[in-house]
Amino acid sequence: MPLHFRSCCTALAVILTLCPPAAAKPRPQAGAPAYDLVIENGRVMDGTGNPWFLADIGVREGRIAAIGDLHAAKAKTRIDAHREIVAPGFIDMHSHADGLAGRLIGLRSPDRQRREARNIVTQGVTTVVVNPDGMGAPGLTVAAQQAELAKVGIGPNAALLSPHNTIRLAILGEDYKRKATPTEIAAMRALVRTDMEDGAFGLSTGLEYMPGRWADTDELVALMQEVAPYHGIHSSHMRSDAEAPMWYIPSRDPGSPTTVLDAVAEHIAIAERSHAIGVITHIKARGVYGWGRSREIIAMIDAARARGVQIYADQYTYDTSGSDGKIVLIPGWAMGAPDDLDSVDPVADYFSRTRPKRKPVDRKAALRVTLAAPAAKAALYRDIAFAIRFRGGAEQITVFDAPDRSLIGQSLADLARKRGISAEDMAVALQLEGTDAPGGARLRSFSLDETDIDAFMRQEWTATSSDGGVKLPADGPATHARYYGTFPRKFARYVNERHTLSLAQAVRSSTSLPAQILGLTDRGVLRVGAAADIVVFNDREIRDRADFTNPHQFSTGVDYVFVNGVAEVSAGQATGALAGQPLKHPRP
Ligand SMILES: [Zn+2]
């Protein structure tokens with residue numbers, strides 16, 4: 001008998017040990033609810049990549065307090081998640097949600113609607129990584145930016161990067177088209193160190209933009225040496241994601257341009273030399289040259305990882321990039337512009353305060369002058385042919401707005417065919433017959449191949465990012481659909497439609513993987529003690545609704561979103577709560 005009794009005790013002890021804390025009795029005060037919130041009957045997908053299990057989740061004071069059978073526990077609020085997926089809130093690895101170039105159009109806006117970020121939280125996103133592409137809030141340190149975000153109140157949490165372009169501009173000033181001196185590098189290092197000390201998650205670079213274009217590999221390695229001791233990341237918009245950088249103009253820029261393969265090699269070298277964690281942001285292989293290159297890029301990253309170099313990527317879920325949205329196929333030089341930056345750099349206006357205002361030019365008249373000179377015309381046609389190839393070819397370029405409404409929705413190839421002229425001729429015709437704005441019509445190109453998108457997405461080191469930010473309908477029609485739809489689209493298009501990856505993998509790439517890359521130890525997974533950033537969604541119905549003719553459409557199928565335990569989305573509707581916090585990188 002004693003033996004039997006003893007084994008019973010052992011069995012009981014085992015049961016008690018296995019039982020989650022949830023099964024423990026509610027807290028001391030008799031009658032008081034044990035939980036602020038219980039999400040019951042859900043299919044809990046914890047973010048690790050494991051398949052779902054049935055459980056209830058109890059939330060108390062902004063943290064997950066229990067996972068288990070909570071049907072008998074008292075709670076202030078109960079939500080029935082029957083047949084729904086309950087997952088960690090999504091983490092967006094690349095977000096312009098804190099505005100652009102000091103323009104307060106995001107989380108620090110005086111307009112509360114912008115701080116609520118409804119287009120973001122309705123995607124299930126609970127944390128955004130801000131200051132990407134090297135672009136931060138000019139004049140603000142990371143600490144000051146965190147303080148402002150905390151003061152004004154924000155919808156999602158925000159993890160801040162230290163921004164290289166902003167820092168380089170602060171130290172080099174107007175004279176930035178050159179290598180930095182050792183003194184300047186030391187000054188930049190000091191700013192990066194301060195930001196890291198104050199809880200930045202790493203340093204972002206935008207090497208296709210000003211003034212990052214002029215930073216050499218040694219400068220970047222030196223700055224990343226300030227990031228590495230904190231286990232921070234180097235989130236890089238690389239020098240090139242195609243045959244050449246987006247600013248490249250064959251007739252003007254000598255030498256062979258940097259390709260996406262060169263850029264990946266440099267990114268890996270920076271991580272290898274500095275030991276900072278490399279993240280290729282919005283990874284892609286663009287244009288006719290780029291298609292199929294995912295295979296070589298993946299091999300380069302896998303080889304680096306095999307050597308022990310920490311390299312990751314993040315990716316958005318569209319075959320058209322932001323800079324594809326207002327493309328100009330005719331270079332500025334052919335239309336009387338003193339330099340070509342405004343025709344090829346989509347964020348040139350970021351630094352426009354440092355550039356002199358120009359006199360307006362009559363582009364049509366200037367273009368006619370260029371066309372009349374045979375040598376200039378030949379150079380122009382070579383440049384246009386390159387621009388078309390860079391954007392994926394004339395079939396991939398679509399008119400989105402033009403004075404002649406009949407052109408809208410047609411491709412450059414279609415229009416050229418109907419007139420019996422070349423695609424280059426058609427690009428010229430759009431300018432001569434269109435508005436006097438660069439290009440004469442608003443064009444978008446679909447320059448990415450979905451085979452490459454699938455290939456990158458399947459890699460276990462690829463996280464999800466939007467490259468979006470806060471948008472309101474007032475921002476107008478030239479809005480990329482990814483601002484509203486990136487995360488739901490991963491499930492609708494790449495899980496349910498194309499079967500590129502499984503539901504659990506899609507959740508992992510949007511939760512525990514970005515948390516691991518960032519070093520966030522208490523988010524991105526559902527476990528007791530973690531912050532209560534939780535999304536409840538229907539995996540068959542989750543869907544992006546924004547497209548390029550109607551971009552201001554909230555996604556559907558996301559029923560509840562909790563940020564730090566507070567509902568940002570309830571029964572499918574954004575609540576306008578400001579439950580987000582600026583996050584600080586946990587000290588190593
Ligand atoms: Zn970028």
# chains A, B, ... in the order shown; residues from 1 in each chain; ligands from 1
$ residues_near_ligand --ligand "ligand 1" --cutoff "12 Å" --atoms "only C-alpha atoms and all ligand atoms" --output "VMD selection string"
chain A and resid 93 to 96 100 130 to 135 204 to 209 235 to 241 246 280 to 284 314 to 316 321 to 323 345 to 347 465 to 468
$ closest_residue --among "A:Leu191, A:Leu415, A:Ala180, A:Ala304" --to "Pro211 in chain A" --atoms "only C-alpha atoms"
A:Ala180
$ residues_around --residues "Ala271 in chain A" --least-positions-apart "5" --cutoff "8 Å" --atoms "only C-alpha atoms" --output "NGL selection string"
:A and (221 or 234 or 276-278 or 309-311)
$ select_by_dssp --residues "range 85-142 of chain A" --states "alpha helix (DSSP H)" --output "PDB file with N, CA, C and O atoms, in the first residue's frame"
ATOM      1  N   ARG A 112      -4.554  62.947 -33.664  1.00  0.00           N
ATOM      2  CA  ARG A 112      -4.718  61.684 -32.934  1.00  0.00           C
ATOM      3  C   ARG A 112      -5.000  60.512 -33.873  1.00  0.00           C
ATOM      4  O   ARG A 112      -4.550  59.388 -33.654  1.00  0.00           O
ATOM      5  N   GLN A 113      -5.784  60.786 -34.939  1.00  0.00           N
ATOM      6  CA  GLN A 113      -6.103  59.711 -35.896  1.00  0.00           C
ATOM      7  C   GLN A 113      -4.851  59.043 -36.440  1.00  0.00           C
ATOM      8  O   GLN A 113      -4.831  57.850 -36.688  1.00  0.00           O
ATOM      9  N   ARG A 114      -3.810  59.844 -36.665  1.00  0.00           N
ATOM     10  CA  ARG A 114      -2.559  59.260 -37.180  1.00  0.00           C
ATOM     11  C   ARG A 114      -1.877  58.421 -36.110  1.00  0.00           C
ATOM     12  O   ARG A 114      -1.351  57.346 -36.389  1.00  0.00           O
ATOM     13  N   ARG A 115      -1.904  58.906 -34.874  1.00  0.00           N
ATOM     14  CA  ARG A 115      -1.243  58.158 -33.798  1.00  0.00           C
ATOM     15  C   ARG A 115      -1.952  56.833 -33.529  1.00  0.00           C
ATOM     16  O   ARG A 115      -1.345  55.874 -33.079  1.00  0.00           O
ATOM     17  N   GLU A 116      -3.257  56.782 -33.820  1.00  0.00           N
ATOM     18  CA  GLU A 116      -4.000  55.527 -33.644  1.00  0.00           C
ATOM     19  C   GLU A 116      -3.549  54.470 -34.658  1.00  0.00           C
ATOM     20  O   GLU A 116      -3.634  53.282 -34.394  1.00  0.00           O
ATOM     21  N   ARG A 118      -4.720  53.198 -37.485  1.00  0.00           N
ATOM     22  CA  ARG A 118      -5.738  52.153 -37.708  1.00  0.00           C
ATOM     23  C   ARG A 118      -5.394  51.259 -38.893  1.00  0.00           C
ATOM     24  O   ARG A 118      -5.711  50.074 -38.890  1.00  0.00           O
ATOM     25  N   ASN A 119      -4.753  51.835 -39.927  1.00  0.00           N
ATOM     26  CA  ASN A 119      -4.399  50.996 -41.078  1.00  0.00           C
ATOM     27  C   ASN A 119      -3.335  49.962 -40.715  1.00  0.00           C
ATOM     28  O   ASN A 119      -3.183  48.960 -41.407  1.00  0.00           O
ATOM     29  N   ILE A 120      -2.627  50.194 -39.609  1.00  0.00           N
ATOM     30  CA  ILE A 120      -1.584  49.258 -39.175  1.00  0.00           C
ATOM     31  C   ILE A 120      -2.158  48.219 -38.209  1.00  0.00           C
ATOM     32  O   ILE A 120      -1.985  47.017 -38.408  1.00  0.00           O
ATOM     33  N   VAL A 121      -2.858  48.675 -37.156  1.00  0.00           N
ATOM     34  CA  VAL A 121      -3.330  47.713 -36.151  1.00  0.00           C
ATOM     35  C   VAL A 121      -4.393  46.771 -36.724  1.00  0.00           C
ATOM     36  O   VAL A 121      -4.495  45.616 -36.285  1.00  0.00           O
ATOM     37  N   VAL A 142      17.410  59.189 -30.451  1.00  0.00           N
ATOM     38  CA  VAL A 142      16.479  58.089 -30.180  1.00  0.00           C
ATOM     39  C   VAL A 142      15.787  58.302 -28.833  1.00  0.00           C
ATOM     40  O   VAL A 142      14.577  58.112 -28.697  1.00  0.00           O
TER      41      VAL A 142
END
$ closest_residue --among "A:Ala378, A:Val59, A:Ala546, A:Ala32" --to "Asn564 in chain A" --atoms "only C-alpha atoms"
A:Val59
$ residues_around --residues "Leu583 in chain A" --least-positions-apart "6" --cutoff "7 Å" --atoms "only C-alpha atoms" --output "JSON, numbers by chain"
{"A": [157, 158, 159]}
$ closest_residue --among "A:Ala66, A:Ala481, A:Ile105, A:Val279" --to "Asn550 in chain A" --atoms "only C-alpha atoms"
A:Ala481
$ closest_atom_pairs --of "range 73-139 of chain A" --to "range 490-501 of chain A" --cutoff "12 Å" --atoms "only C-alpha atoms" --output "CSV"
residue,atom,partner,partner_atom,distance
A:Ile85,CA,A:Phe491,CA,11.9
A:Phe90,CA,A:Lys490,CA,11.6
A:Gln123,CA,A:Lys490,CA,10.5
A:Gly124,CA,A:Phe491,CA,11.7
$ write_last_selection --atoms "C-alpha atoms" --output "short mmCIF file (atom, residue, chain, number, x, y, z; two decimals), in the first residue's frame"
data_model
loop_
_atom_site.label_atom_id
_atom_site.label_comp_id
_atom_site.auth_asym_id
_atom_site.auth_seq_id
_atom_site.Cartn_x
_atom_site.Cartn_y
_atom_site.Cartn_z
CA ILE A 85 -6.25 31.53 -34.51
CA PHE A 90 2.67 40.85 -35.58
CA GLN A 123 -3.50 44.12 -39.96
CA GLY A 124 -2.78 42.50 -36.59
#
$ residues_around --residues "range 360-364 of chain A" --least-positions-apart "4" --cutoff "8 Å" --atoms "only C-alpha atoms" --output "list in words"
Met335, Gly336, Ala337, Arg368, Gln431, Leu432, Asp436, Ala437 and Pro438 of chain A
$ residues_around --residues "Pro488 in chain A" --least-positions-apart "6" --cutoff "7 Å" --atoms "only C-alpha atoms" --output "PyMOL selection string"
chain A and resi 123+542-544+555
$ atom_distance --atom1 "CA of Arg305 in chain A" --atom2 "CA of Gly47 in chain A"
22.6 Å
$ select_by_dssp --residues "range 234-461 of chain A" --states "strand (DSSP E or B)" --output "PyMOL selection string"
chain A and resi 234-237+277-280+286+311-315+397-401+411+442-445+448
$ atom_distance --atom1 "CA of Leu70 in chain A" --atom2 "CA of Trp52 in chain A"
17.3 Å
$ residues_around --residues "Gln459 in chain A" --least-positions-apart "4" --cutoff "12 Å" --atoms "only C-alpha atoms" --output "ChimeraX atom specification"
/A:283,294-295,297-299,301-302,311-315,452-455,463-464,500-501,505-506,508-509,513
$ atom_distance --atom1 "CA of Thr479 in chain A" --atom2 "CA of Phe456 in chain A"
24.6 Å
